[in-house]
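Peer 1: What follows is data-v9.cif; its format and atoms are mmCIF, C-alpha atoms.
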```cif
data_entry
loop_
_atom_site.label_atom_id
_atom_site.label_comp_id
_atom_site.auth_asym_id
_atom_site.auth_seq_id
_atom_site.Cartn_x
_atom_site.Cartn_y
_atom_site.Cartn_z
CA MET F 1 86.31 89.71 123.21
CA SER F 2 88.08 90.65 119.98
CA ALA F 3 90.50 88.24 118.38
CA GLN F 4 94.16 89.22 118.40
CA PRO F 5 94.94 91.02 115.12
CA ASP F 6 97.37 89.36 112.74
CA LEU F 7 99.73 92.03 111.42
CA LEU F 8 102.12 89.66 109.62
CA TYR F 9 102.01 88.75 105.94
CA SER F 10 101.25 85.18 104.97
CA GLU F 11 103.20 83.28 102.33
CA GLU F 12 100.28 83.68 99.93
CA GLU F 13 100.23 87.43 100.48
CA GLU F 14 103.96 87.71 99.85
CA ALA F 15 103.57 85.67 96.66
CA LEU F 16 100.77 88.01 95.57
CA ARG F 17 102.99 91.00 96.34
CA ALA F 18 105.83 89.57 94.24
CA ALA F 19 103.55 88.94 91.27
CA VAL F 20 102.02 92.43 91.38
CA ARG F 21 105.41 94.10 91.82
CA ASP F 22 106.87 92.21 88.86
CA LEU F 23 103.99 93.32 86.65
CA LEU F 24 104.27 96.93 87.77
CA THR F 25 108.05 96.91 87.28
CA ASP F 26 107.52 95.86 83.66
CA HIS F 27 104.51 98.05 82.83
CA CYS F 28 104.43 101.02 85.23
CA ASP F 29 107.80 102.73 85.24
CA ALA F 30 108.02 106.35 86.33
CA ALA F 31 108.58 107.77 82.84
CA ARG F 32 105.42 106.08 81.59
CA VAL F 33 103.34 107.41 84.48
CA ILE F 34 104.65 110.95 84.02
CA SER F 35 103.94 110.74 80.30
CA ARG F 36 100.35 109.75 81.01
CA THR F 37 99.82 112.68 83.37
CA GLU F 38 100.73 114.94 80.46
CA SER F 39 98.14 113.35 78.17
CA ASP F 40 94.36 113.43 77.94
CA ALA F 41 94.19 109.80 79.13
CA PRO F 42 95.80 109.64 82.60
CA HIS F 43 94.43 106.16 83.35
CA ASP F 44 96.53 103.25 82.10
CA LEU F 45 93.75 100.95 80.97
CA SER F 46 96.14 98.39 79.50
CA LEU F 47 97.79 98.05 82.92
CA TRP F 48 94.36 97.87 84.51
CA LYS F 49 93.41 95.03 82.15
CA ALA F 50 96.60 93.14 83.05
CA LEU F 51 95.97 93.58 86.77
CA ALA F 52 92.23 93.17 86.89
CA ASP F 53 91.59 90.70 84.09
CA GLY F 54 94.90 88.92 83.66
CA MET F 55 95.60 88.48 87.38
CA GLY F 56 91.99 88.48 88.56
CA LEU F 57 92.56 91.26 91.08
CA ALA F 58 89.35 93.15 90.34
CA GLY F 59 87.30 90.50 92.10
CA LEU F 60 89.44 89.87 95.18
CA LEU F 61 86.76 91.07 97.59
CA VAL F 62 83.88 89.34 95.80
CA PRO F 63 82.82 85.86 97.00
CA GLU F 64 83.38 83.03 94.55
CA ASP F 65 79.65 82.29 94.31
CA ARG F 66 79.15 85.87 93.08
CA GLY F 67 81.82 85.75 90.41
CA GLY F 68 84.91 86.83 92.33
CA GLN F 69 88.07 85.41 93.87
CA GLY F 70 86.76 85.06 97.42
CA ALA F 71 89.82 86.71 99.01
CA THR F 72 89.83 89.25 101.83
CA HIS F 73 90.82 92.82 102.56
CA ARG F 74 94.24 91.56 103.61
CA GLU F 75 95.04 90.52 100.04
CA ALA F 76 93.53 93.71 98.62
CA ALA F 77 95.72 95.68 101.02
CA VAL F 78 98.84 93.99 99.66
CA VAL F 79 97.82 94.93 96.12
CA LEU F 80 97.26 98.53 97.19
CA GLU F 81 100.66 98.69 98.87
CA GLU F 82 102.28 97.81 95.54
CA LEU F 83 100.05 100.19 93.59
CA GLY F 84 101.03 102.93 96.04
CA ARG F 85 104.73 102.15 95.56
CA ALA F 86 104.29 102.64 91.81
CA VAL F 87 101.72 105.48 91.96
CA ALA F 88 99.90 103.35 89.41
CA PRO F 89 97.24 105.31 87.49
CA VAL F 90 94.57 102.59 87.68
CA PRO F 91 91.09 102.70 89.31
CA TYR F 92 91.71 99.81 91.68
CA LEU F 93 90.77 101.53 94.94
CA THR F 94 87.71 103.22 93.47
CA SER F 95 86.36 100.26 91.48
CA ALA F 96 87.67 97.01 92.99
CA VAL F 97 87.29 98.26 96.57
CA VAL F 98 84.87 101.16 97.03
CA ALA F 99 82.32 100.48 94.27
CA THR F 100 82.57 96.73 94.89
CA GLU F 101 81.98 97.13 98.62
CA ALA F 102 78.93 99.29 97.93
CA LEU F 103 77.45 96.60 95.69
CA LEU F 104 78.22 93.87 98.22
CA ALA F 105 75.89 95.70 100.61
CA CYS F 106 73.08 95.79 98.03
CA THR F 107 70.39 93.23 97.35
CA ASP F 108 69.91 93.78 93.63
CA GLY F 109 73.37 94.57 92.30
CA GLY F 110 74.54 91.08 91.39
CA GLU F 111 74.86 91.67 87.66
CA VAL F 112 76.82 94.91 88.08
CA LEU F 113 78.97 93.32 90.78
CA ALA F 114 79.84 90.37 88.54
CA SER F 115 80.82 92.74 85.72
CA LEU F 116 83.18 94.63 88.04
CA ALA F 117 84.65 91.42 89.46
CA SER F 118 85.40 90.12 85.97
CA ALA F 119 86.86 93.50 84.92
CA ARG F 120 84.38 93.78 82.06
CA ARG F 121 83.44 97.15 83.48
CA ILE F 122 84.86 99.78 85.82
CA GLY F 123 82.70 101.22 88.57
CA ALA F 124 82.80 104.43 90.59
CA LEU F 125 80.80 105.46 93.63
CA ALA F 126 79.40 108.93 92.91
CA VAL F 127 80.31 110.36 96.32
CA PRO F 128 82.97 113.08 96.67
CA LEU F 129 86.39 111.62 97.38
CA HIS F 130 86.83 113.67 100.55
CA THR F 131 83.77 112.13 102.24
CA ALA F 132 84.52 110.30 105.48
CA PRO F 133 82.71 107.11 106.55
CA GLY F 134 79.50 108.03 108.32
CA ALA F 135 79.60 111.64 107.11
CA PHE F 136 76.87 113.38 105.14
CA PHE F 137 77.07 112.82 101.39
CA PRO F 138 75.16 114.63 98.62
CA ALA F 139 72.47 112.77 96.71
CA ALA F 140 70.84 113.13 93.31
CA ARG F 141 67.14 113.87 92.98
CA ALA F 142 65.01 110.91 91.92
CA ALA F 143 61.81 111.79 90.03
CA ASP F 144 59.67 109.80 87.61
CA GLY F 145 62.21 107.00 87.37
CA VAL F 146 65.16 109.19 86.38
CA LEU F 147 67.89 111.07 88.23
CA HIS F 148 68.77 114.76 88.31
CA GLY F 149 71.58 116.65 89.97
CA GLU F 150 75.28 117.51 90.01
CA LEU F 151 77.92 115.64 91.98
CA THR F 152 81.51 116.89 92.17
CA GLY F 153 84.89 115.53 93.22
CA ILE F 154 84.13 111.99 92.03
CA ALA F 155 87.38 110.01 91.76
CA ASP F 156 88.00 108.05 88.54
CA ALA F 157 84.53 108.84 87.19
CA ASP F 158 85.99 109.57 83.76
CA ALA F 159 87.23 105.97 83.51
CA ALA F 160 84.03 104.39 84.85
CA ASP F 161 81.52 102.44 82.80
CA VAL F 162 78.92 102.44 85.58
CA LEU F 163 78.29 105.03 88.29
CA LEU F 164 76.72 104.14 91.63
CA VAL F 165 74.62 107.18 92.50
CA PRO F 166 72.90 107.76 95.87
CA ALA F 167 69.49 109.42 95.52
CA ASP F 168 67.25 111.43 97.83
CA ASP F 169 64.72 108.59 97.99
CA GLY F 170 67.27 106.55 99.96
CA GLY F 171 68.24 104.31 97.06
CA LEU F 172 71.57 103.58 95.40
CA TYR F 173 71.25 103.54 91.61
CA ALA F 174 73.49 102.01 88.95
CA VAL F 175 73.77 104.48 86.09
CA GLU F 176 75.53 103.73 82.82
CA ALA F 177 78.19 106.38 82.29
CA ASP F 178 77.40 106.67 78.59
CA ALA F 179 73.62 106.87 79.07
CA VAL F 180 71.54 109.78 77.79
CA GLY F 181 71.43 112.52 80.40
CA VAL F 182 74.85 111.73 81.92
CA THR F 183 77.75 114.16 81.51
CA VAL F 184 81.15 113.53 83.08
CA THR F 185 83.59 116.46 83.01
CA GLY F 186 87.10 116.39 84.39
CA GLN F 187 88.07 118.72 87.23
CA THR F 188 91.44 120.12 88.17
CA SER F 189 93.11 117.74 90.58
CA LEU F 190 96.39 117.95 92.48
CA ASP F 191 96.93 114.21 92.01
CA LEU F 192 97.18 113.75 88.26
CA THR F 193 97.19 109.95 88.61
CA ARG F 194 93.75 109.83 90.28
CA PRO F 195 91.69 112.45 88.46
CA LEU F 196 88.44 113.89 89.77
CA ALA F 197 85.33 114.65 87.76
CA ARG F 198 81.99 116.40 87.94
CA VAL F 199 78.97 114.23 87.15
CA VAL F 200 75.84 115.96 85.87
CA LEU F 201 72.62 113.95 85.71
CA ASP F 202 69.82 115.43 83.60
CA GLY F 203 67.06 112.86 83.44
CA ALA F 204 69.50 109.94 83.54
CA PRO F 205 67.97 106.46 83.81
CA GLY F 206 69.15 104.33 86.71
CA HIS F 207 68.53 100.90 88.17
CA ARG F 208 68.05 100.77 91.93
CA VAL F 209 70.43 98.19 93.39
CA GLY F 210 69.90 98.75 97.12
CA ASP F 211 69.77 101.23 99.98
CA ALA F 212 72.28 104.05 99.77
CA GLY F 213 72.92 104.59 103.50
CA PRO F 214 74.47 101.26 104.52
CA ALA F 215 76.06 100.72 101.10
CA VAL F 216 77.86 104.07 101.05
CA ARG F 217 78.96 103.73 104.66
CA ARG F 218 80.42 100.26 104.07
CA ALA F 219 82.14 101.40 100.89
CA LEU F 220 83.71 104.49 102.46
CA ARG F 221 84.89 102.54 105.50
CA ALA F 222 86.64 99.99 103.30
CA GLY F 223 88.05 102.75 101.13
CA ALA F 224 89.46 104.61 104.12
CA GLY F 225 90.85 101.46 105.72
CA LEU F 226 92.60 100.20 102.60
CA LEU F 227 93.76 103.65 101.54
CA ALA F 228 96.17 103.36 104.47
CA SER F 229 97.88 100.46 102.69
CA GLU F 230 98.30 102.59 99.57
CA GLN F 231 99.78 105.34 101.73
CA LEU F 232 102.09 102.76 103.30
CA GLY F 233 103.39 101.68 99.89
CA LEU F 234 103.94 105.31 98.93
CA ALA F 235 105.83 106.04 102.15
CA GLU F 236 107.98 102.91 101.82
CA TRP F 237 109.00 103.86 98.28
CA SER F 238 109.85 107.40 99.38
CA LEU F 239 112.04 106.14 102.22
CA ALA F 240 113.76 103.38 100.23
CA GLU F 241 114.43 105.61 97.23
CA THR F 242 115.81 108.38 99.42
CA VAL F 243 118.16 106.00 101.27
CA ARG F 244 119.37 104.60 97.95
CA TYR F 245 120.01 108.08 96.55
CA LEU F 246 121.87 109.29 99.65
CA LYS F 247 124.16 106.27 99.51
CA ASP F 248 125.11 107.07 95.92
CA ARG F 249 125.24 110.88 96.09
CA ARG F 250 128.65 112.15 97.23
CA GLN F 251 129.65 115.47 98.70
CA PHE F 252 133.00 116.48 100.20
CA ASN F 253 134.28 113.12 98.90
CA ARG F 254 131.88 111.05 101.05
CA PRO F 255 128.35 109.67 100.65
CA VAL F 256 125.73 112.25 101.64
CA GLY F 257 123.97 109.54 103.64
CA GLY F 258 126.91 109.43 106.00
CA PHE F 259 126.07 112.81 107.54
CA GLN F 260 124.59 112.32 110.99
CA ALA F 261 121.85 114.91 110.61
CA LEU F 262 120.45 113.06 107.59
CA LYS F 263 120.75 109.71 109.38
CA HIS F 264 118.57 111.07 112.17
CA ARG F 265 115.93 112.28 109.74
CA LEU F 266 115.82 108.94 107.97
CA ALA F 267 115.74 107.00 111.23
CA GLN F 268 112.75 109.05 112.41
CA LEU F 269 111.00 108.47 109.10
CA TRP F 270 111.69 104.73 109.32
CA LEU F 271 109.99 104.60 112.72
CA GLU F 272 106.96 106.42 111.34
CA VAL F 273 106.71 104.02 108.39
CA VAL F 274 106.94 100.99 110.69
CA ASN F 275 104.12 102.40 112.83
CA LEU F 276 102.07 103.09 109.71
CA ARG F 277 102.56 99.49 108.59
CA ALA F 278 101.13 98.26 111.89
CA ALA F 279 98.13 100.59 111.65
CA ALA F 280 97.42 99.74 108.01
CA ARG F 281 97.71 95.98 108.59
CA ASN F 282 95.45 96.24 111.62
CA ALA F 283 92.80 98.05 109.57
CA ALA F 284 92.97 95.48 106.77
CA ASP F 285 92.81 92.59 109.24
CA ALA F 286 89.82 94.13 111.06
CA LEU F 287 87.94 94.67 107.80
CA ALA F 288 88.69 91.11 106.70
CA ALA F 289 87.33 89.67 109.96
CA ASP F 290 83.74 90.69 109.23
CA PRO F 291 83.41 93.10 106.31
CA ALA F 292 79.63 93.38 106.48
CA ALA F 293 79.41 94.13 110.21
CA ALA F 294 79.34 97.70 111.43
CA GLY F 295 81.40 96.78 114.48
CA ASP F 296 83.31 99.19 116.64
CA ASP F 297 86.54 97.16 116.26
CA ALA F 298 86.75 97.68 112.51
CA ASP F 299 85.54 101.28 112.76
CA ALA F 300 88.20 102.04 115.37
CA ALA F 301 90.96 100.29 113.39
CA VAL F 302 90.10 102.31 110.27
CA ALA F 303 89.94 105.56 112.24
CA VAL F 304 93.33 104.91 113.87
CA ALA F 305 94.92 104.10 110.52
CA GLN F 306 93.60 107.20 108.80
CA ALA F 307 94.31 109.47 111.77
CA TYR F 308 97.99 108.58 111.29
CA ALA F 309 98.57 107.55 107.67
CA GLY F 310 98.17 110.88 105.94
CA GLN F 311 100.82 112.76 107.90
CA VAL F 312 103.35 109.94 107.52
CA ALA F 313 102.87 109.61 103.77
CA VAL F 314 103.15 113.37 103.27
CA HIS F 315 106.22 113.56 105.52
CA ALA F 316 107.91 110.70 103.65
CA ALA F 317 107.25 112.29 100.26
CA GLU F 318 108.41 115.71 101.48
CA GLU F 319 111.63 114.25 102.86
CA ALA F 320 112.20 112.41 99.59
CA LEU F 321 111.79 115.59 97.59
CA GLN F 322 114.01 117.69 99.88
CA LEU F 323 116.78 115.11 100.29
CA HIS F 324 116.99 114.50 96.56
CA GLY F 325 118.11 118.12 96.27
CA GLY F 326 117.86 119.80 92.88
CA ILE F 327 116.91 116.65 90.95
CA GLY F 328 113.93 116.17 93.27
CA MET F 329 112.50 119.51 92.14
CA THR F 330 112.39 118.51 88.47
CA TRP F 331 109.36 117.24 86.56
CA GLU F 332 111.37 114.31 85.19
CA HIS F 333 111.97 112.84 88.65
CA PRO F 334 108.90 110.94 89.89
CA VAL F 335 109.00 112.19 93.49
CA HIS F 336 106.49 114.95 92.69
CA LEU F 337 103.95 112.26 91.77
CA TYR F 338 104.33 110.74 95.23
CA LEU F 339 104.01 114.07 97.02
CA LYS F 340 100.88 114.99 95.07
CA ARG F 341 99.33 111.56 95.70
CA ALA F 342 100.23 111.80 99.40
CA LYS F 343 98.68 115.25 99.75
CA ALA F 344 95.53 114.18 97.92
CA ASP F 345 95.27 110.96 99.93
CA SER F 346 95.55 112.93 103.18
CA ILE F 347 92.04 114.31 102.65
CA ALA F 348 90.54 111.32 100.80
CA TYR F 349 87.78 109.46 102.67
CA GLY F 350 88.04 111.94 105.52
CA THR F 351 90.80 114.08 106.98
CA ALA F 352 92.93 112.97 109.91
CA GLY F 353 90.93 115.34 112.09
CA ALA F 354 87.64 113.78 111.05
CA HIS F 355 88.95 110.31 111.88
CA ARG F 356 90.30 111.45 115.25
CA GLU F 357 86.89 112.86 116.06
CA ALA F 358 85.23 109.59 115.02
CA LEU F 359 87.72 107.63 117.12
CA ALA F 360 87.04 109.82 120.16
CA GLY F 361 83.37 108.98 119.89
CA LEU F 362 84.07 105.25 119.55
CA VAL F 363 86.21 105.12 122.69
CA ASP F 364 84.13 107.66 124.64
CA LEU F 365 86.92 110.20 124.82
CA GLN F 366 85.16 113.48 124.10
CA ALA F 367 86.87 116.84 124.11
CA PRO F 368 86.30 119.03 127.20
#
```
Show me the file's structure as structure tokens.
Peer 2:
Amino acid sequence: MSAQPDLLYSEEEEALRAAVRDLLTDHCDAARVISRTESDAPHDLSLWKALADGMGLAGLLVPEDRGGQGATHREAAVVLEELGRAVAPVPYLTSAVVATEALLACTDGGEVLASLASARRIGALAVPLHTAPGAFFPAARAADGVLHGELTGIADADAADVLLVPADDGGLYAVEADAVGVTVTGQTSLDLTRPLARVVLDGAPGHRVGDAGPAVRRALRAGAGLLASEQLGLAEWSLAETVRYLKDRRQFNRPVGGFQALKHRLAQLWLEVVNLRAAARNAADALAADPAAAGDDADAAVAVAQAYAGQVAVHAAEEALQLHGGIGMTWEHPVHLYLKRAKADSIAYGTAGAHREALAGLVDLQAP
């Protein structure tokens, strides 16, 4: 019988939240993020260094005996909530969660794992961002000890030092991003704060670290489960910022937020965000209980979270944009960053439909 999930935040988790939020308040304001999206370097590597190296957040999911902090997915979820609130352009989800989880499932990736945990290097799993846990994923061709092929839609690959590439021989290979035979080219992405890239391998050398199947599945499940916490942070910012604006904005000599129609819209959004918080916390708690096990409880918790999170985050960002009126339509206001991130997140690690289908199979509730 499954243990009762703990959806509340501990004192340690709240302290972690406060520390991360303080850092992001000082180093990740909206103007700075927008400025980066207009440049050729969208990732804020100085912020990443402060988070990953200075605060030790890159190794939260890595056991202490393997060079990490020995924390759980619950703590990582809190970090992602705050990163979502700031739309921080850092590769935390892709490196500290997805790539790290893939290496934790491997038998020969200790050196690479330690380098990611210590923030000496950034990792990226070379699987398209839209891939759902358990779904088919493309693989490179392994021949004569080198890799060939083209992989597209790889999130944060342009910031990565090491790529984890699944191959057709069933192996997962660690490939240095600057190695001979590796070309990483940026692709057009709706979310300018989490860029995508095409990876071309033309005789690239790689070191086999483990089996691709279980490693990729574990990584994508953790990515999908903790993405819900990022979506929660995004939705909470959208709601809070909209409420604040409607209290200050006046029309007909009264605060706009006093109009009953707008109160109803915000109340409905608040209910959706509260439900999302429960689903996201449940997913994080289930993953933390036994991260290596392929149990139905964790699979179901992740599927429930992702079946719901995308629509709430998008709805929150759309309401924020609409209720900010004309200022919300401008490039200078950050709400467009949140809407783009929400739309991109809604198809990351599987669409809501894909997760509903997976959930139906887990609970034996097939369509007629």
Peer 1: I want to know what sits within 12 Å of stretch 36-49 of chain F, based on all atoms listed in the file, with residues of the same chain fewer than 4 positions away left out; could you give that as a VMD selection string?
Peer 2: chain F and resid 20 23 to 32 53 to 58 83 86 to 93 95 to 96 116 to 122 155 to 160 186 189 to 196 331 to 332 334 336 to 337 340
Peer 1: For atom CA of F:Leu232 and atom CA of F:His264, determine how far apart the two atoms are, in Å to one decimal place.
Peer 2: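 Calculated distance between atom CA of F:Leu232 and atom CA of F:His264 is 20.5 Å.
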Peer 1: Find the spatial neighbours of stretch 181-183 of chain F, counting all atoms listed in the file, within a cut-off of 12 Å - ignore same-chain residues fewer than 6 positions away - and output them as a ChimeraX atom specification.
Peer 2: /F:146-152,157-158,161-163,165,175,197-206
Peer 1: Counting only C-alpha atoms, which residue out of F:Val209, F:Ile154, F:Ala278, F:Ala286 sits closest to F:Val112?
Peer 2: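 Among the listed residues, F:Val209 lies closest to F:Val112.
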Peer 1: To one decimal place in Å, what is the distance between atom CA of F:Thr351 and atom CA of F:Ala126?
Peer 2: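 We find that atom CA of F:Thr351 and atom CA of F:Ala126 lie 18.8 Å from each other.
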Peer 1: Which residue out of F:Glu236, F:Asp364, F:Asp108, F:Asp290 has the minimum interatomic distance to F:Ala174 when only C-alpha atoms are used?
Peer 2: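 Of F:Glu236, F:Asp364, F:Asp108, F:Asp290, the one nearest F:Ala174, counting only C-alpha atoms, is F:Asp108.
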Peer 1: Counting all atoms listed in the file, what is within 8 Å of stretch 213-223 of chain F, bar same-chain residues fewer than 2 positions away, as a tab-separated table (two decimals) with C-alpha atoms, in the frame of the given file?
Peer 2:
```
chain	number	residue	atom	x	y	z
F	93	LEU	CA	90.77	101.53	94.94
F	94	THR	CA	87.71	103.22	93.47
F	97	VAL	CA	87.29	98.26	96.57
F	98	VAL	CA	84.87	101.16	97.03
F	99	ALA	CA	82.32	100.48	94.27
F	100	THR	CA	82.57	96.73	94.89
F	101	GLU	CA	81.98	97.13	98.62
F	102	ALA	CA	78.93	99.29	97.93
F	103	LEU	CA	77.45	96.60	95.69
F	104	LEU	CA	78.22	93.87	98.22
F	105	ALA	CA	75.89	95.70	100.61
F	106	CYS	CA	73.08	95.79	98.03
F	131	THR	CA	83.77	112.13	102.24
F	132	ALA	CA	84.52	110.30	105.48
F	133	PRO	CA	82.71	107.11	106.55
F	134	GLY	CA	79.50	108.03	108.32
F	170	GLY	CA	67.27	106.55	99.96
F	171	GLY	CA	68.24	104.31	97.06
F	172	LEU	CA	71.57	103.58	95.40
F	210	GLY	CA	69.90	98.75	97.12
F	211	ASP	CA	69.77	101.23	99.98
F	225	GLY	CA	90.85	101.46	105.72
F	226	LEU	CA	92.60	100.20	102.60
F	227	LEU	CA	93.76	103.65	101.54
F	287	LEU	CA	87.94	94.67	107.80
F	292	ALA	CA	79.63	93.38	106.48
F	294	ALA	CA	79.34	97.70	111.43
F	299	ASP	CA	85.54	101.28	112.76
F	302	VAL	CA	90.10	102.31	110.27
F	349	TYR	CA	87.78	109.46	102.67
```
Peer 1: For F:Val314, list every protein, DNA or RNA residue within 9 Å, evaluated using all atoms listed in the file, and leave out those in the same chain fewer than 6 positions away; present the list as a list in words.
Peer 2: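 Listed by chain and then number, they are Gln231, Ala235, Tyr338, Leu339, Lys340, Arg341, Ala342, Lys343, Asp345 and Ser346 of chain F.
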Peer 1: Applying the PyMOL selection byres ((chain F and resi 13) around 12) to the file I just gave you, which residues come out? Please list them as an NGL selection string.
Peer 2: :F and (7-12 or 14-20 or 71-82)
